[in-house]
Amino acid sequence: MSRSHRLFDLLQRLRRHRGVVAGAVLAREAGVSLRTIRRDIATLQAMGADIDAEAGVGYALRPGFLLPPLSFTEEELHALVIGAEWVSRQTDAALAEAVRNALAKIDSVLTPTLRPALDDSSFYVASGPPSVATRFDLAQCRRAMREQRKMQVVYREESGGTSERIVWPIMLGFDGSGRSFAAWCEREAGYCIFDAERVVDMTLLVEHYPGSRRQLVKAWRAVAERLCAQRVP
């Protein structure tokens, strides 16, 4: 790896950690010595990178620092293409439009030699599952999570009957051709996983659920580690 690429890679690692990270951790991830990390950090700081460094604690890239827009590798661009194809074929229209706009922005700053990698047609991503008799609205569920709002869901049970529930959606699941969402269910007084195909009706409510969605996700994952997350029967 060239030194310029290694410096850019170090900036990317600092950005991904989103906070203070020990030099030893950066060295292990990059496969270099701690001495090299210290030297590269000093070089980046001399080049204008706003990096906080505290002896015995670690390093942190201050928010707002812009990374060079042209420093993509071909593999990174291929990863973006595959990810964009997946989003455009497996999610809703709003996300598909957003990912097309994002790729257009990336394309506008690429060098001519890298632009073909963004237009690579070597990858195929299948379309999402065929429409079934469900009223699950992916965009509406995303909005509920983003705005931390409750939803009223009419859900088809395995027995064939239906139940009405007030839920706090916190996470979407894409498992093969299936769709699901995790939520706190007021009726069950616990976390549940709902299959999208069994949603008979759903309504976004005005009422916000308490607390932070991220904290709820953290709590749900802690529960899932101790017990298998309950899938609604």
# chains A, B, ... in the order shown; residues from 1 in each chain; ligands from 1

$ select_by_dssp --residues "segment 52-187 of chain A" --states "alpha helix (DSSP H)" --output "PyMOL selection string"
chain A and resi 74-90+93-109+115-118+138-147

$ write_last_selection --atoms "N, CA and C atoms" --output "short mmCIF file (atom, residue, chain, number, x, y, z; two decimals), in the first residue's frame"
data_model
loop_
_atom_site.label_atom_id
_atom_site.label_comp_id
_atom_site.auth_asym_id
_atom_site.auth_seq_id
_atom_site.Cartn_x
_atom_site.Cartn_y
_atom_site.Cartn_z
N GLU A 74 -10.89 0.86 -6.64
CA GLU A 74 -11.85 0.20 -7.52
C GLU A 74 -12.76 -0.73 -6.74
N GLU A 75 -12.21 -1.42 -5.74
CA GLU A 75 -13.02 -2.32 -4.92
C GLU A 75 -14.07 -1.55 -4.12
N GLU A 76 -13.69 -0.38 -3.60
CA GLU A 76 -14.65 0.44 -2.86
C GLU A 76 -15.80 0.86 -3.76
N LEU A 77 -15.49 1.22 -5.00
CA LEU A 77 -16.54 1.61 -5.95
C LEU A 77 -17.43 0.43 -6.30
N HIS A 78 -16.84 -0.76 -6.45
CA HIS A 78 -17.64 -1.96 -6.72
C HIS A 78 -18.58 -2.24 -5.55
N ALA A 79 -18.08 -2.06 -4.33
CA ALA A 79 -18.93 -2.27 -3.15
C ALA A 79 -20.10 -1.30 -3.16
N LEU A 80 -19.84 -0.05 -3.55
CA LEU A 80 -20.92 0.95 -3.62
C LEU A 80 -21.94 0.57 -4.69
N VAL A 81 -21.46 0.09 -5.82
CA VAL A 81 -22.37 -0.30 -6.92
C VAL A 81 -23.28 -1.44 -6.48
N ILE A 82 -22.69 -2.47 -5.85
CA ILE A 82 -23.49 -3.61 -5.40
C ILE A 82 -24.50 -3.17 -4.35
N GLY A 83 -24.03 -2.36 -3.40
CA GLY A 83 -24.95 -1.87 -2.38
C GLY A 83 -26.08 -1.04 -2.95
N ALA A 84 -25.75 -0.19 -3.93
CA ALA A 84 -26.77 0.65 -4.55
C ALA A 84 -27.78 -0.20 -5.32
N GLU A 85 -27.29 -1.22 -6.02
CA GLU A 85 -28.19 -2.11 -6.75
C GLU A 85 -29.14 -2.82 -5.79
N TRP A 86 -28.60 -3.26 -4.66
CA TRP A 86 -29.44 -3.96 -3.68
C TRP A 86 -30.52 -3.03 -3.15
N VAL A 87 -30.13 -1.81 -2.77
CA VAL A 87 -31.10 -0.85 -2.23
C VAL A 87 -32.18 -0.53 -3.26
N SER A 88 -31.78 -0.32 -4.50
CA SER A 88 -32.75 0.08 -5.53
C SER A 88 -33.73 -1.03 -5.87
N ARG A 89 -33.33 -2.30 -5.66
CA ARG A 89 -34.19 -3.42 -6.04
C ARG A 89 -34.92 -4.05 -4.85
N GLN A 90 -34.42 -3.83 -3.64
CA GLN A 90 -34.96 -4.55 -2.49
C GLN A 90 -35.75 -3.66 -1.52
N ALA A 93 -39.32 3.03 -3.12
CA ALA A 93 -39.00 3.98 -4.18
C ALA A 93 -38.17 5.16 -3.68
N ALA A 94 -38.47 5.63 -2.46
CA ALA A 94 -37.74 6.78 -1.92
C ALA A 94 -36.27 6.46 -1.71
N LEU A 95 -35.97 5.27 -1.17
CA LEU A 95 -34.57 4.89 -0.97
C LEU A 95 -33.88 4.62 -2.31
N ALA A 96 -34.61 4.06 -3.27
CA ALA A 96 -34.04 3.81 -4.59
C ALA A 96 -33.63 5.13 -5.25
N GLU A 97 -34.48 6.14 -5.11
CA GLU A 97 -34.16 7.46 -5.67
C GLU A 97 -32.97 8.07 -4.94
N ALA A 98 -32.93 7.91 -3.62
CA ALA A 98 -31.83 8.47 -2.82
C ALA A 98 -30.50 7.86 -3.21
N VAL A 99 -30.49 6.54 -3.43
CA VAL A 99 -29.21 5.90 -3.76
C VAL A 99 -28.76 6.28 -5.17
N ARG A 100 -29.70 6.51 -6.09
CA ARG A 100 -29.32 6.98 -7.43
C ARG A 100 -28.71 8.38 -7.35
N ASN A 101 -29.29 9.23 -6.51
CA ASN A 101 -28.74 10.57 -6.34
C ASN A 101 -27.34 10.52 -5.73
N ALA A 102 -27.16 9.62 -4.75
CA ALA A 102 -25.85 9.49 -4.11
C ALA A 102 -24.78 9.05 -5.11
N LEU A 103 -25.13 8.08 -5.97
CA LEU A 103 -24.16 7.63 -6.97
C LEU A 103 -23.84 8.73 -7.97
N ALA A 104 -24.84 9.55 -8.32
CA ALA A 104 -24.61 10.66 -9.25
C ALA A 104 -23.63 11.67 -8.65
N LYS A 105 -23.75 11.91 -7.33
CA LYS A 105 -22.83 12.83 -6.66
C LYS A 105 -21.42 12.27 -6.66
N ILE A 106 -21.31 10.96 -6.41
CA ILE A 106 -19.99 10.34 -6.42
C ILE A 106 -19.38 10.38 -7.81
N ASP A 107 -20.20 10.10 -8.82
CA ASP A 107 -19.74 10.10 -10.20
C ASP A 107 -19.20 11.47 -10.61
N SER A 108 -19.80 12.52 -10.08
CA SER A 108 -19.41 13.88 -10.48
C SER A 108 -18.02 14.27 -9.99
N VAL A 109 -17.48 13.56 -8.99
CA VAL A 109 -16.17 13.92 -8.46
C VAL A 109 -15.10 12.88 -8.76
N ARG A 115 -14.09 6.35 -13.19
CA ARG A 115 -15.52 6.37 -13.52
C ARG A 115 -16.04 5.05 -14.07
N PRO A 116 -15.27 4.31 -14.90
CA PRO A 116 -15.77 3.02 -15.40
C PRO A 116 -16.11 2.03 -14.29
N ALA A 117 -15.40 2.09 -13.14
CA ALA A 117 -15.68 1.17 -12.04
C ALA A 117 -17.06 1.41 -11.46
N LEU A 118 -17.54 2.66 -11.53
CA LEU A 118 -18.87 2.97 -11.01
C LEU A 118 -19.95 2.51 -11.99
N LEU A 138 -43.06 -0.20 3.61
CA LEU A 138 -41.68 -0.05 4.06
C LEU A 138 -41.35 1.42 4.33
N ALA A 139 -41.77 2.31 3.45
CA ALA A 139 -41.48 3.74 3.63
C ALA A 139 -42.13 4.27 4.90
N GLN A 140 -43.37 3.84 5.16
CA GLN A 140 -44.06 4.29 6.36
C GLN A 140 -43.38 3.76 7.62
N CYS A 141 -42.92 2.53 7.57
CA CYS A 141 -42.21 1.95 8.72
C CYS A 141 -40.90 2.70 8.96
N ARG A 142 -40.19 3.03 7.90
CA ARG A 142 -38.95 3.80 8.04
C ARG A 142 -39.23 5.17 8.66
N ARG A 143 -40.34 5.78 8.25
CA ARG A 143 -40.70 7.08 8.83
C ARG A 143 -41.01 6.96 10.32
N ALA A 144 -41.72 5.89 10.67
CA ALA A 144 -42.05 5.67 12.08
C ALA A 144 -40.77 5.54 12.91
N MET A 145 -39.78 4.83 12.39
CA MET A 145 -38.52 4.67 13.11
C MET A 145 -37.76 6.00 13.17
N ARG A 146 -37.73 6.70 12.06
CA ARG A 146 -36.99 7.96 12.00
C ARG A 146 -37.58 8.99 12.96
N GLU A 147 -38.91 9.06 13.03
CA GLU A 147 -39.59 10.05 13.88
C GLU A 147 -39.97 9.49 15.25
#

$ residues_around --residues "Ile170 of chain A" --least-positions-apart "3" --cutoff "6 Å" --atoms "only C-alpha atoms" --output "PyMOL selection string"
chain A and resi 145+182-183+213

$ write_last_selection --atoms "all heavy atoms" --output "PDB file, in the first residue's frame"
ATOM      1  N   MET A 145     -39.778   4.832  12.392  1.00  0.00           N
ATOM      2  CA  MET A 145     -38.516   4.673  13.110  1.00  0.00           C
ATOM      3  C   MET A 145     -37.760   5.995  13.174  1.00  0.00           C
ATOM      4  O   MET A 145     -37.223   6.362  14.214  1.00  0.00           O
ATOM      5  CB  MET A 145     -37.662   3.594  12.439  1.00  0.00           C
ATOM      6  CG  MET A 145     -38.232   2.190  12.577  1.00  0.00           C
ATOM      7  SD  MET A 145     -37.055   0.917  12.087  1.00  0.00           S
ATOM      8  CE  MET A 145     -36.758   1.360  10.388  1.00  0.00           C
ATOM      9  N   ALA A 182     -38.561  -5.311  13.804  1.00  0.00           N
ATOM     10  CA  ALA A 182     -38.551  -5.515  15.249  1.00  0.00           C
ATOM     11  C   ALA A 182     -39.224  -4.322  15.904  1.00  0.00           C
ATOM     12  O   ALA A 182     -39.074  -3.186  15.452  1.00  0.00           O
ATOM     13  CB  ALA A 182     -37.119  -5.664  15.757  1.00  0.00           C
ATOM     14  N   ALA A 183     -39.980  -4.585  16.964  1.00  0.00           N
ATOM     15  CA  ALA A 183     -40.702  -3.517  17.638  1.00  0.00           C
ATOM     16  C   ALA A 183     -41.020  -3.914  19.069  1.00  0.00           C
ATOM     17  O   ALA A 183     -41.068  -5.103  19.404  1.00  0.00           O
ATOM     18  CB  ALA A 183     -42.007  -3.205  16.892  1.00  0.00           C
ATOM     19  N   ARG A 213     -34.794   5.604  20.108  1.00  0.00           N
ATOM     20  CA  ARG A 213     -34.855   4.373  19.316  1.00  0.00           C
ATOM     21  C   ARG A 213     -33.539   3.611  19.419  1.00  0.00           C
ATOM     22  O   ARG A 213     -33.521   2.383  19.523  1.00  0.00           O
ATOM     23  CB  ARG A 213     -35.161   4.698  17.852  1.00  0.00           C
ATOM     24  CG  ARG A 213     -35.370   3.442  16.992  1.00  0.00           C
ATOM     25  CD  ARG A 213     -35.504   3.785  15.522  1.00  0.00           C
ATOM     26  NE  ARG A 213     -34.263   4.289  14.976  1.00  0.00           N
ATOM     27  CZ  ARG A 213     -33.272   3.514  14.526  1.00  0.00           C
ATOM     28  NH1 ARG A 213     -33.383   2.187  14.572  1.00  0.00           N
ATOM     29  NH2 ARG A 213     -32.177   4.040  14.042  1.00  0.00           N
TER      30      ARG A 213
END

$ select_by_dssp --residues "segment 24-229 of chain A" --states "strand (DSSP E)" --output "short mmCIF file (atom, residue, chain, number, x, y, z; two decimals) with N, CA and C atoms, in the first residue's frame"
data_model
loop_
_atom_site.label_atom_id
_atom_site.label_comp_id
_atom_site.auth_asym_id
_atom_site.auth_seq_id
_atom_site.Cartn_x
_atom_site.Cartn_y
_atom_site.Cartn_z
N ILE A 51 -7.34 16.42 14.07
CA ILE A 51 -7.30 15.20 14.87
C ILE A 51 -6.85 15.53 16.28
N ASP A 52 -7.67 15.17 17.25
CA ASP A 52 -7.28 15.32 18.66
C ASP A 52 -6.45 14.11 19.06
N ALA A 53 -5.36 14.35 19.76
CA ALA A 53 -4.50 13.26 20.23
C ALA A 53 -4.19 13.47 21.70
N GLU A 54 -4.42 12.45 22.49
CA GLU A 54 -4.13 12.53 23.91
C GLU A 54 -3.33 11.30 24.32
N GLY A 58 -5.88 8.13 23.13
CA GLY A 58 -6.08 7.77 21.73
C GLY A 58 -6.29 8.99 20.85
N TYR A 59 -6.93 8.76 19.71
CA TYR A 59 -7.11 9.79 18.70
C TYR A 59 -8.58 9.91 18.33
N ALA A 60 -8.97 11.11 17.90
CA ALA A 60 -10.34 11.34 17.45
C ALA A 60 -10.33 12.38 16.34
N LEU A 61 -11.02 12.08 15.25
CA LEU A 61 -11.18 13.02 14.15
C LEU A 61 -12.36 13.92 14.47
N ARG A 149 -42.22 7.21 16.15
CA ARG A 149 -43.67 7.25 16.32
C ARG A 149 -44.23 5.83 16.39
N LYS A 150 -45.33 5.71 17.09
CA LYS A 150 -45.99 4.42 17.23
C LYS A 150 -46.77 4.09 15.95
N MET A 151 -47.00 2.78 15.75
CA MET A 151 -47.84 2.33 14.65
C MET A 151 -48.93 1.41 15.20
N GLN A 152 -50.06 1.48 14.57
CA GLN A 152 -51.13 0.52 14.86
C GLN A 152 -51.12 -0.52 13.75
N VAL A 153 -50.99 -1.77 14.14
CA VAL A 153 -50.83 -2.85 13.16
C VAL A 153 -51.93 -3.89 13.36
N VAL A 154 -52.56 -4.27 12.28
CA VAL A 154 -53.45 -5.42 12.28
C VAL A 154 -52.64 -6.57 11.70
N TYR A 155 -52.50 -7.64 12.50
CA TYR A 155 -51.54 -8.69 12.18
C TYR A 155 -52.24 -10.04 12.07
N ARG A 156 -51.92 -10.80 11.03
CA ARG A 156 -52.51 -12.12 10.82
C ARG A 156 -51.72 -13.17 11.60
N THR A 162 -56.80 -12.55 13.29
CA THR A 162 -56.01 -11.33 13.29
C THR A 162 -56.01 -10.70 14.68
N SER A 163 -55.00 -9.91 14.96
CA SER A 163 -54.92 -9.18 16.21
C SER A 163 -54.53 -7.75 15.91
N GLU A 164 -54.96 -6.84 16.77
CA GLU A 164 -54.61 -5.43 16.60
C GLU A 164 -53.62 -5.04 17.70
N ARG A 165 -52.53 -4.42 17.28
CA ARG A 165 -51.46 -4.13 18.23
C ARG A 165 -50.95 -2.69 18.04
N ILE A 166 -50.50 -2.09 19.12
CA ILE A 166 -49.76 -0.83 19.06
C ILE A 166 -48.30 -1.19 19.25
N VAL A 167 -47.46 -0.81 18.29
CA VAL A 167 -46.05 -1.20 18.32
C VAL A 167 -45.15 0.02 18.16
N TRP A 168 -43.92 -0.14 18.66
CA TRP A 168 -42.89 0.89 18.52
C TRP A 168 -41.80 0.33 17.61
N PRO A 169 -41.84 0.55 16.32
CA PRO A 169 -40.85 -0.04 15.42
C PRO A 169 -39.46 0.53 15.65
N ILE A 170 -38.47 -0.35 15.72
CA ILE A 170 -37.11 0.09 16.01
C ILE A 170 -36.08 -0.40 14.99
N MET A 171 -36.40 -1.45 14.22
CA MET A 171 -35.40 -1.97 13.29
C MET A 171 -36.09 -2.77 12.18
N LEU A 172 -35.55 -2.61 10.96
CA LEU A 172 -36.04 -3.37 9.81
C LEU A 172 -35.13 -4.57 9.55
N GLY A 173 -35.73 -5.66 9.08
CA GLY A 173 -34.95 -6.85 8.75
C GLY A 173 -35.15 -7.27 7.31
N PHE A 174 -34.06 -7.60 6.61
CA PHE A 174 -34.10 -8.10 5.24
C PHE A 174 -33.40 -9.44 5.24
N ASP A 175 -34.16 -10.51 5.19
CA ASP A 175 -33.62 -11.85 5.30
C ASP A 175 -33.98 -12.64 4.05
N GLY A 178 -37.43 -12.35 2.47
CA GLY A 178 -38.39 -11.95 3.50
C GLY A 178 -38.13 -10.57 4.05
N ARG A 179 -39.17 -9.97 4.59
CA ARG A 179 -39.09 -8.67 5.23
C ARG A 179 -39.69 -8.79 6.62
N SER A 180 -39.12 -8.09 7.58
CA SER A 180 -39.65 -8.11 8.93
C SER A 180 -39.26 -6.82 9.63
N PHE A 181 -39.87 -6.58 10.78
CA PHE A 181 -39.43 -5.44 11.59
C PHE A 181 -39.53 -5.81 13.06
N ALA A 182 -38.56 -5.31 13.80
CA ALA A 182 -38.55 -5.51 15.25
C ALA A 182 -39.22 -4.32 15.90
N ALA A 183 -39.98 -4.58 16.96
CA ALA A 183 -40.70 -3.52 17.64
C ALA A 183 -41.02 -3.91 19.07
N TRP A 184 -41.23 -2.91 19.90
CA TRP A 184 -41.79 -3.14 21.23
C TRP A 184 -43.29 -3.22 21.04
N CYS A 185 -43.89 -4.30 21.50
CA CYS A 185 -45.32 -4.50 21.36
C CYS A 185 -46.00 -4.20 22.70
N GLY A 190 -43.29 -6.50 25.44
CA GLY A 190 -41.96 -7.01 25.16
C GLY A 190 -41.60 -6.80 23.71
N TYR A 191 -40.37 -7.15 23.36
CA TYR A 191 -39.89 -7.01 21.99
C TYR A 191 -40.37 -8.20 21.15
N CYS A 192 -40.79 -7.90 19.94
CA CYS A 192 -41.27 -8.94 19.02
C CYS A 192 -40.74 -8.67 17.62
N ILE A 193 -40.73 -9.72 16.80
CA ILE A 193 -40.39 -9.58 15.39
C ILE A 193 -41.65 -9.89 14.58
N PHE A 194 -42.02 -8.97 13.71
CA PHE A 194 -43.23 -9.10 12.91
C PHE A 194 -42.86 -9.38 11.45
N ASP A 195 -43.47 -10.40 10.85
CA ASP A 195 -43.26 -10.69 9.44
C ASP A 195 -44.09 -9.73 8.59
N VAL A 199 -48.77 -8.58 7.71
CA VAL A 199 -49.38 -7.31 8.10
C VAL A 199 -50.61 -7.08 7.24
N VAL A 200 -51.77 -7.08 7.87
CA VAL A 200 -53.04 -6.87 7.16
C VAL A 200 -53.30 -5.38 6.97
N ASP A 201 -52.91 -4.59 7.94
CA ASP A 201 -53.09 -3.14 7.85
C ASP A 201 -52.13 -2.48 8.82
N MET A 202 -51.71 -1.26 8.51
CA MET A 202 -50.83 -0.52 9.42
C MET A 202 -51.11 0.97 9.27
N THR A 203 -51.06 1.65 10.42
CA THR A 203 -51.34 3.09 10.45
C THR A 203 -50.28 3.78 11.29
N LEU A 204 -49.69 4.82 10.74
CA LEU A 204 -48.71 5.61 11.48
C LEU A 204 -49.47 6.54 12.43
N LEU A 205 -49.19 6.43 13.71
CA LEU A 205 -49.88 7.24 14.71
C LEU A 205 -49.13 8.54 14.99
N VAL A 206 -49.84 9.50 15.53
CA VAL A 206 -49.24 10.79 15.86
C VAL A 206 -48.35 10.66 17.09
N GLU A 207 -48.72 9.77 18.00
CA GLU A 207 -48.02 9.65 19.27
C GLU A 207 -46.60 9.12 19.10
N HIS A 208 -45.66 9.76 19.78
CA HIS A 208 -44.27 9.31 19.77
C HIS A 208 -44.06 8.31 20.91
#

$ atom_distance --atom1 "atom CA of Arg198 of chain A" --atom2 "atom CA of Glu157 of chain A"
7.6 Å

$ atom_distance --atom1 "atom CA of Ala222 of chain A" --atom2 "atom CA of Arg16 of chain A"
22.9 Å

$ residues_around --residues "Ser212 of chain A" --least-positions-apart "4" --cutoff "9 Å" --atoms "only C-alpha atoms" --output "ChimeraX atom specification"
/A:148,216-217

$ closest_residue --among "A:Val125, A:Ala196, A:Leu7, A:Val21" --to "Val57 of chain A" --atoms "only C-alpha atoms"
A:Val21

$ residues_around --residues "Ala27 of chain A" --least-positions-apart "5" --cutoff "12 Å" --atoms "only C-alpha atoms" --output "list in words"
Arg6, Asp9, Leu10, Arg13, Leu14, Val21, Ala22, Val32, Ser33, Leu34, Arg35, Thr36, Ile37, Arg38, Arg39, Asp40, Ile41, Gly58 and Tyr59 of chain A

$ atom_distance --atom1 "atom CA of Phe136 of chain A" --atom2 "atom CA of Asp92 of chain A"
11.3 Å
